[in-house]
$ cat model22.cif   # mmCIF, C-alpha atoms
data_input
#
loop_
_atom_site.label_atom_id
_atom_site.label_comp_id
_atom_site.auth_asym_id
_atom_site.auth_seq_id
_atom_site.Cartn_x
_atom_site.Cartn_y
_atom_site.Cartn_z
CA MET A 4 -0.57 -51.46 42.10
CA ARG A 5 -2.43 -51.30 45.40
CA PHE A 6 -1.30 -47.69 45.77
CA CYS A 7 -2.67 -46.82 42.34
CA PHE A 8 -6.00 -48.37 43.27
CA LEU A 9 -6.17 -46.35 46.49
CA VAL A 10 -5.37 -43.16 44.59
CA PHE A 11 -8.12 -44.05 42.09
CA VAL A 12 -10.69 -44.64 44.86
CA PHE A 13 -9.66 -41.45 46.66
CA THR A 14 -10.00 -39.47 43.43
CA ILE A 15 -13.48 -40.85 42.79
CA PHE A 16 -14.63 -40.04 46.32
CA THR A 17 -13.22 -36.53 46.40
CA ASN A 18 -14.62 -35.76 42.95
CA SER A 19 -18.10 -37.06 43.76
CA SER A 20 -18.30 -35.20 47.05
CA GLY A 21 -17.17 -32.04 45.30
CA ALA A 22 -19.84 -32.41 42.63
CA ALA A 23 -22.75 -33.08 44.97
CA GLN A 24 -22.95 -29.72 46.73
CA GLY A 25 -26.20 -28.14 47.80
CA VAL A 26 -29.62 -29.10 49.08
CA SER A 27 -31.40 -31.56 46.86
CA MET A 28 -34.70 -33.40 46.63
CA SER A 29 -35.19 -36.76 44.94
CA PRO A 30 -37.41 -37.74 43.25
CA THR A 31 -39.12 -34.62 41.98
CA ARG A 32 -42.48 -36.33 41.48
CA LEU A 33 -44.27 -39.01 43.49
CA PHE A 34 -46.77 -41.28 41.74
CA PHE A 35 -49.10 -43.12 44.10
CA SER A 36 -51.44 -45.88 42.99
CA GLY A 37 -54.02 -47.61 45.15
CA ASN A 38 -57.66 -48.52 45.46
CA PRO A 39 -60.26 -46.55 47.42
CA GLY A 40 -59.76 -47.13 51.15
CA GLU A 41 -56.11 -48.15 50.83
CA THR A 42 -53.13 -46.42 52.45
CA VAL A 43 -49.98 -46.25 50.36
CA THR A 44 -46.56 -44.73 51.01
CA GLU A 45 -43.67 -43.36 48.98
CA THR A 46 -40.33 -41.92 50.07
CA VAL A 47 -38.64 -38.67 49.15
CA ILE A 48 -34.97 -38.08 49.97
CA LEU A 49 -33.63 -34.70 51.01
CA ASN A 50 -29.87 -34.32 50.95
CA ASN A 51 -27.87 -31.48 52.41
CA SER A 52 -24.27 -31.65 51.26
CA SER A 53 -23.51 -28.11 52.37
CA ASP A 54 -21.84 -27.07 55.63
CA ALA A 55 -24.95 -25.38 57.04
CA ASP A 56 -28.04 -26.89 58.67
CA TYR A 57 -31.40 -26.24 57.04
CA THR A 58 -34.91 -26.41 58.46
CA LEU A 59 -37.71 -26.81 55.96
CA SER A 60 -41.46 -26.60 56.57
CA ILE A 61 -43.82 -28.96 54.74
CA ASN A 62 -46.97 -27.54 53.20
CA TYR A 63 -49.36 -28.29 50.34
CA LYS A 64 -51.13 -26.49 47.52
CA ASP A 65 -53.46 -27.43 44.70
CA TRP A 66 -52.31 -26.68 41.20
CA GLU A 67 -53.23 -27.06 37.57
CA ARG A 68 -51.70 -25.96 34.32
CA ASN A 69 -53.05 -23.10 32.23
CA ILE A 70 -53.45 -23.50 28.49
CA HIS A 71 -49.71 -22.81 27.96
CA GLY A 72 -48.63 -25.40 30.51
CA ASP A 73 -47.68 -22.93 33.26
CA LYS A 74 -48.49 -24.05 36.78
CA VAL A 75 -51.19 -22.08 38.58
CA TYR A 76 -51.44 -22.61 42.33
CA TYR A 77 -54.46 -22.54 44.63
CA GLU A 78 -55.02 -23.10 48.33
CA SER A 79 -55.08 -26.82 49.10
CA GLY A 80 -58.49 -28.42 48.80
CA THR A 81 -59.72 -25.85 46.26
CA LEU A 82 -59.66 -27.89 43.06
CA GLU A 83 -61.91 -30.83 42.27
CA LYS A 84 -58.90 -33.02 41.37
CA SER A 85 -56.99 -32.20 44.57
CA ASN A 86 -55.59 -34.98 46.72
CA ALA A 87 -53.84 -32.63 49.18
CA SER A 88 -56.10 -33.77 52.03
CA TRP A 89 -55.11 -37.41 51.44
CA VAL A 90 -51.40 -36.77 51.95
CA SER A 91 -49.45 -36.54 55.20
CA THR A 92 -45.98 -36.85 56.70
CA LEU A 93 -44.93 -37.64 60.26
CA GLU A 94 -43.52 -34.14 60.77
CA ASN A 95 -44.54 -30.70 59.58
CA THR A 96 -40.97 -29.43 59.61
CA VAL A 97 -37.77 -31.25 58.83
CA THR A 98 -34.23 -30.28 59.81
CA ILE A 99 -31.42 -31.56 57.62
CA PRO A 100 -28.10 -31.18 59.40
CA ALA A 101 -25.03 -30.28 57.34
CA ASN A 102 -23.71 -33.12 55.21
CA SER A 103 -26.59 -35.47 55.90
CA THR A 104 -29.56 -37.11 54.22
CA LYS A 105 -33.14 -37.45 55.41
CA GLU A 106 -35.78 -39.81 54.09
CA ILE A 107 -39.30 -38.49 54.37
CA VAL A 108 -42.10 -41.04 54.15
CA VAL A 109 -45.12 -39.57 52.42
CA THR A 110 -48.37 -41.37 53.24
CA MET A 111 -51.47 -41.20 51.08
CA LYS A 112 -54.76 -42.37 52.55
CA ILE A 113 -57.11 -42.86 49.61
CA PRO A 114 -60.72 -42.11 50.62
CA GLU A 115 -63.34 -44.86 50.35
CA THR A 116 -65.62 -42.67 48.28
CA VAL A 117 -63.20 -41.44 45.64
CA ALA A 118 -63.97 -41.88 41.93
CA ASP A 119 -62.04 -44.94 40.82
CA ASP A 120 -61.00 -43.55 37.42
CA GLN A 121 -59.85 -40.00 38.15
CA VAL A 122 -56.19 -38.95 38.40
CA THR A 123 -55.70 -36.47 41.25
CA ASN A 124 -52.77 -34.27 42.19
CA CYS A 125 -51.32 -31.61 44.48
CA MET A 126 -47.93 -30.06 45.18
CA MET A 127 -46.02 -30.67 48.39
CA PHE A 128 -43.55 -27.92 49.29
CA PHE A 129 -40.38 -28.05 51.34
CA THR A 130 -39.85 -24.41 52.30
CA GLN A 131 -36.65 -23.08 53.85
CA LEU A 132 -37.27 -21.35 57.17
CA ALA A 133 -35.22 -18.24 57.87
CA THR A 134 -32.85 -18.38 60.82
CA GLN A 135 -32.41 -15.58 63.35
CA ALA A 136 -29.03 -14.90 61.75
CA ASP A 137 -30.74 -14.39 58.38
CA GLU A 138 -33.16 -11.89 59.90
CA ALA A 139 -30.42 -10.08 61.84
CA ALA A 140 -28.42 -9.64 58.64
CA VAL A 141 -30.75 -6.91 57.36
CA GLN A 142 -29.05 -3.66 58.32
CA GLY A 143 -31.31 -0.86 57.10
CA GLY A 144 -33.70 0.53 54.51
CA ILE A 145 -35.81 -2.06 52.71
CA GLY A 146 -34.36 -5.53 53.24
CA ILE A 147 -35.27 -8.71 51.41
CA ILE A 148 -34.42 -12.07 52.96
CA THR A 149 -34.22 -14.62 50.16
CA LEU A 150 -35.14 -18.24 50.79
CA PHE A 151 -35.60 -21.34 48.64
CA GLU A 152 -38.31 -23.94 48.30
CA PHE A 153 -38.77 -27.24 46.47
CA GLY A 154 -42.10 -28.31 45.02
CA LEU A 155 -42.74 -32.07 44.93
CA HIS A 156 -45.43 -33.22 42.49
CA ILE A 157 -47.89 -35.65 44.10
CA TYR A 158 -50.11 -37.75 41.82
CA HIS A 159 -52.57 -40.53 42.45
CA THR A 160 -53.40 -42.76 39.52
CA PRO A 161 -56.15 -45.38 39.98
CA PRO A 162 -54.69 -48.87 39.34
CA SER A 163 -57.10 -49.49 36.45
CA ASN A 164 -55.84 -46.43 34.52
CA SER A 165 -53.20 -47.33 31.93
CA VAL A 166 -54.14 -45.63 28.66
CA LYS A 167 -51.30 -43.40 27.52
CA SER A 168 -52.38 -41.24 24.64
CA LEU A 169 -52.03 -37.70 23.31
CA GLU A 170 -53.77 -36.14 20.35
CA ILE A 171 -52.66 -33.23 18.16
CA THR A 172 -55.82 -31.19 17.70
CA ASN A 173 -54.55 -28.02 15.99
CA MET A 174 -51.54 -26.36 14.35
CA GLU A 175 -51.51 -22.67 13.48
CA GLU A 176 -49.42 -19.51 13.32
CA VAL A 177 -50.07 -16.97 16.09
CA THR A 178 -48.68 -13.52 16.85
CA ASP A 179 -47.67 -12.61 20.38
CA THR A 180 -49.65 -9.44 21.19
CA ASP A 181 -46.96 -8.13 23.57
CA THR A 182 -43.86 -8.64 21.46
CA GLU A 183 -45.50 -9.00 18.04
CA SER A 184 -43.28 -12.01 17.47
CA ARG A 185 -44.66 -14.91 15.43
CA LYS A 186 -45.02 -18.37 16.82
CA ALA A 187 -46.21 -21.76 15.69
CA ALA A 188 -48.88 -23.02 18.07
CA VAL A 189 -49.49 -26.75 18.44
CA THR A 190 -52.53 -27.78 20.48
CA ILE A 191 -52.31 -31.14 22.24
CA PHE A 192 -55.03 -32.97 24.16
CA ASN A 193 -54.37 -35.78 26.64
CA ASP A 194 -57.06 -38.27 25.62
CA GLY A 195 -55.56 -41.05 27.77
CA ASN A 196 -56.21 -41.62 31.46
CA VAL A 197 -52.71 -41.25 32.96
CA VAL A 198 -50.27 -38.36 33.38
CA ASN A 199 -48.33 -38.21 30.14
CA ASP A 200 -44.82 -36.79 29.62
CA ALA A 201 -43.74 -36.08 26.07
CA THR A 202 -41.41 -34.06 23.89
CA VAL A 203 -42.94 -31.95 21.16
CA GLU A 204 -40.80 -31.32 18.07
CA PHE A 205 -41.57 -28.91 15.25
CA GLU A 206 -39.92 -28.78 11.84
CA LEU A 207 -40.52 -26.54 8.86
CA THR A 208 -39.59 -27.46 5.29
CA ASN A 209 -39.67 -24.84 2.54
CA THR A 210 -41.83 -26.42 -0.15
CA ASP A 211 -40.01 -24.52 -2.92
CA THR A 212 -36.35 -24.86 -1.86
CA GLY A 213 -36.43 -27.85 0.49
CA THR A 214 -34.68 -25.83 3.23
CA GLU A 215 -35.38 -27.32 6.64
CA ILE A 216 -35.70 -25.46 9.93
CA LYS A 217 -35.78 -27.43 13.16
CA LEU A 218 -37.11 -25.52 16.16
CA ASP A 219 -36.09 -26.30 19.73
CA PRO A 220 -38.16 -29.22 21.07
CA ARG A 221 -40.42 -28.58 24.08
CA PRO A 222 -41.04 -30.98 26.95
CA ILE A 223 -44.60 -31.26 28.24
CA SER A 224 -46.35 -33.09 31.06
CA MET A 225 -50.15 -33.29 30.94
CA MET A 226 -52.90 -34.50 33.22
CA PRO A 227 -55.59 -36.65 31.55
CA GLY A 228 -58.37 -34.61 29.98
CA SER A 229 -56.22 -31.47 29.77
CA GLU A 230 -55.35 -29.38 26.72
CA GLN A 231 -52.13 -27.46 26.14
CA VAL A 232 -50.92 -25.09 23.45
CA VAL A 233 -47.18 -25.50 22.85
CA LEU A 234 -45.58 -22.41 21.32
CA PHE A 235 -42.53 -22.42 19.06
CA PRO A 236 -40.98 -19.00 18.33
CA LEU A 237 -40.49 -18.61 14.58
CA PRO A 238 -37.40 -17.03 13.00
CA GLU A 239 -38.03 -13.32 12.34
CA GLU A 240 -36.97 -13.43 8.69
CA LEU A 241 -39.12 -16.46 7.87
CA SER A 242 -41.13 -16.10 4.64
CA GLY A 243 -42.42 -18.38 1.91
CA ASN A 244 -44.41 -21.58 1.78
CA TYR A 245 -43.54 -24.20 4.34
CA LEU A 246 -44.73 -27.61 5.41
CA GLY A 247 -44.87 -27.73 9.19
CA VAL A 248 -44.48 -31.13 10.82
CA THR A 249 -44.94 -31.67 14.54
CA ILE A 250 -43.90 -34.90 16.26
CA VAL A 251 -45.06 -35.72 19.77
CA LYS A 252 -42.81 -38.37 21.33
CA MET A 253 -44.27 -39.91 24.45
CA ALA A 254 -41.82 -40.70 27.25
CA GLY A 255 -41.32 -44.32 28.26
CA SER A 256 -42.63 -45.72 24.98
CA ASN A 257 -41.99 -45.70 21.26
CA ASP A 258 -45.43 -44.24 20.70
CA MET A 259 -45.59 -40.95 18.85
CA ARG A 260 -48.05 -38.67 17.10
CA VAL A 261 -47.33 -36.77 13.90
CA GLY A 262 -49.19 -33.76 12.52
CA GLU A 263 -48.68 -31.81 9.28
CA LYS A 264 -49.88 -28.48 8.00
CA THR A 265 -48.83 -26.09 5.23
CA PHE A 266 -48.00 -22.51 6.24
CA ALA A 267 -47.62 -19.39 4.11
CA PHE A 268 -45.39 -16.95 6.05
CA MET B 9 24.02 -86.13 50.11
CA LYS B 10 23.51 -86.07 46.34
CA LYS B 11 20.20 -87.81 46.86
CA LEU B 12 19.23 -85.22 49.47
CA ILE B 13 20.13 -82.33 47.14
CA LEU B 14 18.17 -83.95 44.31
CA LEU B 15 15.16 -84.43 46.58
CA SER B 16 15.36 -80.82 47.73
CA VAL B 17 15.51 -79.58 44.12
CA LEU B 18 12.56 -81.75 43.19
CA ALA B 19 10.64 -80.56 46.23
CA LEU B 20 11.34 -76.91 45.41
CA ALA B 21 10.43 -77.49 41.80
CA ALA B 22 7.21 -79.16 42.89
CA ILE B 23 6.38 -76.26 45.21
CA ALA B 24 7.20 -73.72 42.53
CA PHE B 25 5.16 -75.59 39.94
CA THR B 26 2.14 -76.06 42.15
CA THR B 27 2.33 -72.41 43.29
CA ASN B 28 2.48 -71.22 39.69
CA GLN B 29 -0.36 -73.50 38.83
CA ALA B 30 -2.34 -72.10 41.74
CA VAL B 31 -1.62 -68.58 40.57
CA ALA B 32 -2.55 -69.58 37.07
CA GLN B 33 -5.73 -71.16 38.37
CA ASN B 34 -6.50 -68.01 40.33
CA ALA B 35 -5.84 -65.96 37.26
CA THR B 36 -8.09 -68.25 35.26
CA ALA B 37 -10.70 -68.07 38.00
CA GLN B 38 -10.48 -64.26 38.00
CA ILE B 39 -10.84 -64.13 34.27
CA THR B 40 -13.83 -66.45 34.25
CA SER B 41 -15.51 -64.51 37.08
CA ALA B 42 -14.63 -61.07 35.75
CA THR B 43 -18.02 -60.49 34.21
CA THR B 44 -19.67 -57.99 36.52
CA GLN B 45 -23.03 -56.43 36.10
CA VAL B 46 -22.85 -52.71 36.65
CA ASN B 47 -26.16 -51.11 37.47
CA ILE B 48 -26.56 -47.38 37.20
CA ASN B 49 -29.64 -46.28 39.07
CA LEU B 50 -30.83 -42.84 38.09
CA SER B 51 -33.32 -40.82 40.09
CA ASP B 52 -34.86 -37.47 39.30
CA VAL B 53 -33.16 -34.82 41.39
CA ILE B 54 -33.53 -31.10 41.79
CA SER B 55 -31.06 -29.15 43.89
CA ILE B 56 -30.23 -25.61 44.88
CA ASP B 57 -26.52 -24.99 45.35
CA PRO B 58 -25.27 -23.25 48.48
CA GLY B 59 -23.57 -20.62 46.31
CA SER B 60 -27.04 -19.33 45.53
CA VAL B 61 -27.84 -15.97 47.01
CA ALA B 62 -31.40 -17.27 47.50
CA ASP B 63 -30.28 -19.09 50.59
CA GLY B 64 -30.91 -16.94 53.62
CA SER B 65 -29.11 -14.00 52.02
CA THR B 66 -30.30 -10.42 52.04
CA VAL B 67 -30.74 -7.70 49.45
CA GLU B 68 -30.99 -4.14 50.74
CA PHE B 69 -32.22 -0.83 49.40
CA ASN B 70 -31.22 2.31 51.30
CA TYR B 71 -32.95 5.68 51.05
CA ASN B 72 -30.69 8.25 52.70
CA THR B 73 -30.91 11.29 50.39
CA ALA B 74 -33.56 13.10 48.35
CA ALA B 75 -31.82 11.77 45.26
CA ASP B 76 -32.40 8.23 46.50
CA TYR B 77 -36.15 8.83 46.65
CA ASN B 78 -36.17 10.47 43.24
CA SER B 79 -34.42 7.74 41.35
CA THR B 80 -34.95 4.15 40.37
CA GLN B 81 -32.75 1.88 42.45
CA THR B 82 -31.49 -1.37 40.95
CA LYS B 83 -29.56 -4.09 42.75
CA LYS B 84 -28.06 -6.66 40.42
CA VAL B 85 -27.39 -9.93 42.23
CA PRO B 86 -25.29 -12.41 40.24
CA LYS B 87 -25.81 -16.10 41.00
CA SER B 88 -29.10 -15.47 42.77
CA LEU B 89 -30.02 -19.07 42.06
CA ILE B 90 -27.85 -22.02 41.09
CA VAL B 91 -29.99 -25.02 40.21
CA THR B 92 -29.16 -28.57 39.17
CA SER B 93 -32.07 -30.53 37.74
CA THR B 94 -32.42 -33.80 35.87
CA LYS B 95 -35.69 -32.63 34.32
CA SER B 96 -36.92 -29.43 32.76
CA PHE B 97 -38.01 -27.12 35.59
CA ASP B 98 -39.76 -23.89 36.57
CA VAL B 99 -38.79 -21.19 39.06
CA ASN B 100 -41.49 -19.19 40.79
CA VAL B 101 -41.21 -16.38 43.31
CA LYS B 102 -43.48 -15.05 46.05
CA ALA B 103 -43.33 -12.80 49.08
CA ASN B 104 -44.12 -14.37 52.43
CA GLY B 105 -46.23 -11.36 53.38
CA ALA B 106 -48.05 -8.47 51.71
CA ASN B 107 -45.73 -5.80 53.15
CA PHE B 108 -42.18 -5.05 54.11
CA GLU B 109 -42.61 -4.63 57.84
CA LYS B 110 -41.08 -2.55 60.63
CA GLY B 111 -43.17 -3.13 63.71
CA ARG B 112 -46.53 -1.57 62.82
CA ASP B 113 -45.21 0.32 59.80
CA PHE B 114 -45.57 -1.16 56.35
CA ILE B 115 -44.37 -0.74 52.78
CA PRO B 116 -46.30 -2.85 50.23
CA VAL B 117 -44.20 -5.55 48.58
CA ASP B 118 -45.38 -4.52 45.11
CA VAL B 119 -42.88 -1.64 45.19
CA LEU B 120 -40.33 -4.27 44.20
CA THR B 121 -39.88 -5.78 40.75
CA ILE B 122 -37.65 -8.82 40.24
CA LYS B 123 -36.15 -9.27 36.79
CA PRO B 124 -34.27 -12.31 35.47
CA VAL B 125 -31.06 -11.17 33.78
CA THR B 126 -30.21 -12.60 30.40
CA GLY B 127 -26.47 -12.61 29.81
CA GLY B 128 -24.10 -11.95 32.69
CA THR B 129 -23.38 -15.21 34.46
CA THR B 130 -26.89 -16.54 33.71
CA THR B 131 -26.81 -19.98 32.12
CA MET B 132 -30.39 -20.98 32.98
CA THR B 133 -32.61 -21.23 29.91
CA GLY B 134 -36.41 -21.10 29.72
CA THR B 135 -38.83 -18.23 29.37
CA PRO B 136 -38.01 -15.39 31.78
CA SER B 137 -40.69 -13.08 33.20
CA ASN B 138 -40.37 -9.87 35.18
CA VAL B 139 -42.32 -10.13 38.41
CA VAL B 140 -43.95 -7.37 40.43
CA LEU B 141 -43.69 -8.98 43.85
CA SER B 142 -46.82 -10.24 45.60
CA THR B 143 -47.82 -13.08 47.90
CA SER B 144 -48.99 -15.08 44.88
CA ASP B 145 -46.74 -17.63 43.20
CA GLN B 146 -45.55 -15.95 40.02
CA LYS B 147 -43.43 -17.51 37.32
CA LEU B 148 -39.93 -16.13 37.04
CA ILE B 149 -38.53 -18.80 34.71
CA SER B 150 -40.73 -21.34 32.96
CA GLY B 151 -39.56 -24.41 31.09
CA ALA B 152 -35.84 -24.16 31.85
CA ASP B 153 -33.83 -26.98 30.29
CA LEU B 154 -32.36 -29.58 32.61
CA GLY B 155 -28.70 -29.18 33.50
CA SER B 156 -26.04 -28.97 36.16
CA SER B 157 -25.25 -25.84 38.21
CA LEU B 158 -27.45 -23.58 36.09
CA VAL B 159 -27.01 -19.98 37.17
CA LEU B 160 -29.68 -17.29 37.28
CA ASP B 161 -28.71 -13.65 37.86
CA LEU B 162 -31.47 -11.36 39.12
CA GLU B 163 -32.09 -7.64 39.25
CA TYR B 164 -34.13 -6.20 42.11
CA VAL B 165 -35.69 -2.89 41.11
CA ILE B 166 -37.65 -0.27 43.06
CA PRO B 167 -38.86 2.21 40.42
CA GLN B 168 -38.73 5.94 41.08
CA ALA B 169 -42.54 6.03 40.71
CA LYS B 170 -42.76 3.87 43.84
CA SER B 171 -39.96 5.40 45.91
CA SER B 172 -41.26 8.92 45.37
CA SER B 173 -44.82 7.87 46.20
CA SER B 174 -46.41 7.57 49.61
CA ASP B 175 -45.69 3.83 49.46
CA ILE B 176 -42.13 4.68 50.58
CA LEU B 177 -41.76 8.48 50.86
CA GLY B 178 -42.77 9.78 54.28
CA LYS B 179 -42.69 6.39 56.00
CA PRO B 180 -40.98 6.34 59.45
CA ALA B 181 -37.23 5.75 59.25
CA GLY B 182 -35.95 2.27 60.01
CA THR B 183 -35.48 -1.18 58.56
CA TYR B 184 -38.40 -2.79 56.71
CA THR B 185 -38.01 -6.47 55.95
CA GLN B 186 -39.85 -9.27 54.20
CA LYS B 187 -38.92 -12.76 53.11
CA VAL B 188 -38.99 -13.72 49.43
CA THR B 189 -39.12 -17.39 48.50
CA TYR B 190 -37.89 -18.88 45.22
CA THR B 191 -39.59 -22.15 44.33
CA ALA B 192 -38.03 -24.75 42.05
CA THR B 193 -40.31 -27.47 40.67
CA ALA B 194 -39.86 -30.06 37.97
CA LEU B 195 -41.89 -29.37 34.83
#
$ encode --input "model22.cif" --output "structure tokens"
Amino acid sequence: MRFCFLVFVFTIFTNSSGAAQGVSMSPTRLFFSGNPGETVTETVILNNSSDADYTLSINYKDWERNIHGDKVYYESGTLEKSNASWVSTLENTVTIPANSTKEIVVTMKIPETVADDQVTNCMMFFTQLATQADEAAVQGGIGIITLFEFGLHIYHTPPSNSVKSLEITNMEEVTDTDTESRKAAVTIFNDGNVVNDATVEFELTNTDTGTEIKLDPRPISMMPGSEQVVLFPLPEELSGNYLGVTIVKMAGSNDMRVGEKTFAF
Amino acid sequence: MKKLILLSVLALAAIAFTTNQAVAQNATAQITSATTQVNINLSDVISIDPGSVADGSTVEFNYNTAADYNSTQTKKVPKSLIVTSTKSFDVNVKANGANFEKGRDFIPVDVLTIKPVTGGTTTMTGTPSNVVLSTSDQKLISGADLGSSLVLDLEYVIPQAKSSSSDILGKPAGTYTQKVTYTATAL
């Protein structure tokens, strides 16, 4: 019986170590909250379960999403809602030896003069530094040394902000000018005052036959006051009269928004 | 003697009984205390597996003959990125400098186009985009679904229009290098 237990434990350990290969970062987003003048900290864990050592540099950029939700990066300190200058770590580079874990304490010093209702953000990067061996590996011609980088979302939410709300402001059919493919476009506005994660679903029901088409749901994450157009590629052969229903399910709550519109394809 | 034997039997019986009772009590105690709270603590994680080629590896283009300069060269690199993520994620790419460099000689990085491969060993979802390399962060994959050990194959392409132009043709012989960084971020 004892032997069986030992075999069981051994199996669990060997399986888990086999599954957890690679360099990882956890969490992927840090949410700070504090009043003007306060200093707050959060921890990010970097794990290297490979057999090689890695050295990563730490750097920051501003970013925002374009209307389709894609991240657009800027030099740190460029955007009005940047908090890159508030954030620091003890080291500018971090070495994670093979098969080890490092905890990085991220400190945010909230300025005295900051607006007490505005959510701010930036992106903190852990960028792999090339080793001499990497550089020596290029033998001739045009050589590309490939490296990896993690981006860690950094947000500051004022403690008084707690309104979680999204609004569906438009639903329409659009045609992609490049591919000429048709898409359903759902416009969503974050009318709350916190970062809001949600899943957007879109269903079409043929009003003549009752046939239902469920399109792949799309995850979104929106800063307060931002607008995003979520696109759903439509089946090529789609034709007829349809009722389009979009459901926005907000993460961490049972709250949802529902929008309807009739389409003639 | 008979009395002694009887006493011994009674003593053994008493020991056996009390031992059994103790075992039974232990068993009862184990049963009553067997309710255990199991907590599963989940954290958001994003990882890049060491099998990824984007991990200090190199991709090379060689121009040794006239035919090399007059043709489009493509290097397909399976498993360029292997990502595990607990949330939907994006992959961007950028060059660390504006040129491939050999001492004071330069080839602009925009001679290179990086293309996500659909099919092959690629299992990463999301919207792929071909990228003409620059120092700007450009999206390669946007909105990939979460998953474990998601593979992305890449094609590195130097079009004939670039290799037969003065960007490459006529440059001093030697090895020109530049670093290319792939960035993984949660949605």
$ interface_residues --input "model22.cif" --of "chain B" --to "chain A" --cutoff "7 Å" --atoms "all atoms listed in the file" --output "number ranges by chain"
B: 51-58, 62-71, 145, 182-195
$ residues_near_point --input "model22.cif" --point "(-41.8, -17.2, 9.0)" --cutoff "7 Å" --atoms "only C-alpha atoms" --output "list of chain:residue names"
A:Leu237, A:Pro238, A:Glu239, A:Glu240, A:Leu241, A:Ser242, A:Phe268
$ residues_around --input "model22.cif" --residues "stretch 107-123 of chain B" --least-positions-apart "4" --cutoff "7 Å" --atoms "all atoms listed in the file" --output "list of chain:residue names"
B:Ser137, B:Asn138, B:Val139, B:Val140, B:Leu141, B:Ser142, B:Leu162, B:Glu163, B:Tyr164, B:Val165, B:Ile166, B:Lys170, B:Asp175, B:Ile176, B:Thr183, B:Tyr184, B:Thr185, B:Gln186
$ atom_distance --input "model22.cif" --atom1 "atom CA of A:Thr58" --atom2 "atom CA of B:Gly155"
25.9 Å
$ residues_around --input "model22.cif" --residues "A:Val90" --least-positions-apart "2" --cutoff "10 Å" --atoms "all atoms listed in the file" --output "list in words"
Thr42, Val43, Thr44, Tyr63, Asn86, Ala87, Ser88, Thr92, Val109, Thr110, Met111, Lys112, Ile113, Cys125, Met127 and Ile157 of chain A
$ atom_distance --input "model22.cif" --atom1 "atom CA of B:Leu177" --atom2 "atom CA of B:Lys83"
19.3 Å
$ atom_distance --input "model22.cif" --atom1 "atom CA of A:Asp65" --atom2 "atom CA of A:Ser91"
14.5 Å
$ resolve_selection --input "model22.cif" --expression "the PyMOL selection byres ((chain A and resi 250-254) around 6)" --output "PyMOL selection string"
chain A and resi 200-204+249+255-256+258-261
$ write_last_selection --input "model22.cif" --atoms "C-alpha atoms" --output "mmCIF file, in the frame of the given file"
data_model
loop_
_atom_site.group_PDB
_atom_site.id
_atom_site.type_symbol
_atom_site.label_atom_id
_atom_site.label_comp_id
_atom_site.auth_asym_id
_atom_site.auth_seq_id
_atom_site.Cartn_x
_atom_site.Cartn_y
_atom_site.Cartn_z
ATOM 1 C CA ASP A 200 -44.820 -36.790 29.620
ATOM 2 C CA ALA A 201 -43.740 -36.080 26.070
ATOM 3 C CA THR A 202 -41.410 -34.060 23.890
ATOM 4 C CA VAL A 203 -42.940 -31.950 21.160
ATOM 5 C CA GLU A 204 -40.800 -31.320 18.070
ATOM 6 C CA THR A 249 -44.940 -31.670 14.540
ATOM 7 C CA GLY A 255 -41.320 -44.320 28.260
ATOM 8 C CA SER A 256 -42.630 -45.720 24.980
ATOM 9 C CA ASP A 258 -45.430 -44.240 20.700
ATOM 10 C CA MET A 259 -45.590 -40.950 18.850
ATOM 11 C CA ARG A 260 -48.050 -38.670 17.100
ATOM 12 C CA VAL A 261 -47.330 -36.770 13.900
#
$ resolve_selection --input "model22.cif" --expression "the PyMOL selection byres ((chain A and resi 206) around 8)" --output "compact mmCIF listing (two decimals) with C-alpha atoms, keeping the file's coordinate frame"
# COMPACT_ATOMS: atom_id res chain seq x y z
CA GLU A 204 -40.80 -31.32 18.07
CA PHE A 205 -41.57 -28.91 15.25
CA LEU A 207 -40.52 -26.54 8.86
CA THR A 208 -39.59 -27.46 5.29
CA GLU A 215 -35.38 -27.32 6.64
CA ILE A 216 -35.70 -25.46 9.93
CA LYS A 217 -35.78 -27.43 13.16
CA LEU A 218 -37.11 -25.52 16.16
CA GLY A 247 -44.87 -27.73 9.19
CA VAL A 248 -44.48 -31.13 10.82
CA THR A 249 -44.94 -31.67 14.54
$ resolve_selection --input "model22.cif" --expression "the PyMOL selection byres ((chain A and resi 46) around 6)" --output "count of residues only"
5
$ residues_near_point --input "model22.cif" --point "(-54.1, -39.6, 28.2)" --cutoff "7 Å" --atoms "all atoms listed in the file" --output "NGL selection string"
:A and (166-169 or 193-199 or 227-228)
$ write_last_selection --input "model22.cif" --atoms "C-alpha atoms" --output "PDB file, keeping the file's coordinate frame"
ATOM      1  CA  VAL A 166     -54.140 -45.630  28.660  1.00  0.00           C
ATOM      2  CA  LYS A 167     -51.300 -43.400  27.520  1.00  0.00           C
ATOM      3  CA  SER A 168     -52.380 -41.240  24.640  1.00  0.00           C
ATOM      4  CA  LEU A 169     -52.030 -37.700  23.310  1.00  0.00           C
ATOM      5  CA  ASN A 193     -54.370 -35.780  26.640  1.00  0.00           C
ATOM      6  CA  ASP A 194     -57.060 -38.270  25.620  1.00  0.00           C
ATOM      7  CA  GLY A 195     -55.560 -41.050  27.770  1.00  0.00           C
ATOM      8  CA  ASN A 196     -56.210 -41.620  31.460  1.00  0.00           C
ATOM      9  CA  VAL A 197     -52.710 -41.250  32.960  1.00  0.00           C
ATOM     10  CA  VAL A 198     -50.270 -38.360  33.380  1.00  0.00           C
ATOM     11  CA  ASN A 199     -48.330 -38.210  30.140  1.00  0.00           C
ATOM     12  CA  PRO A 227     -55.590 -36.650  31.550  1.00  0.00           C
ATOM     13  CA  GLY A 228     -58.370 -34.610  29.980  1.00  0.00           C
TER      14      GLY A 228
END
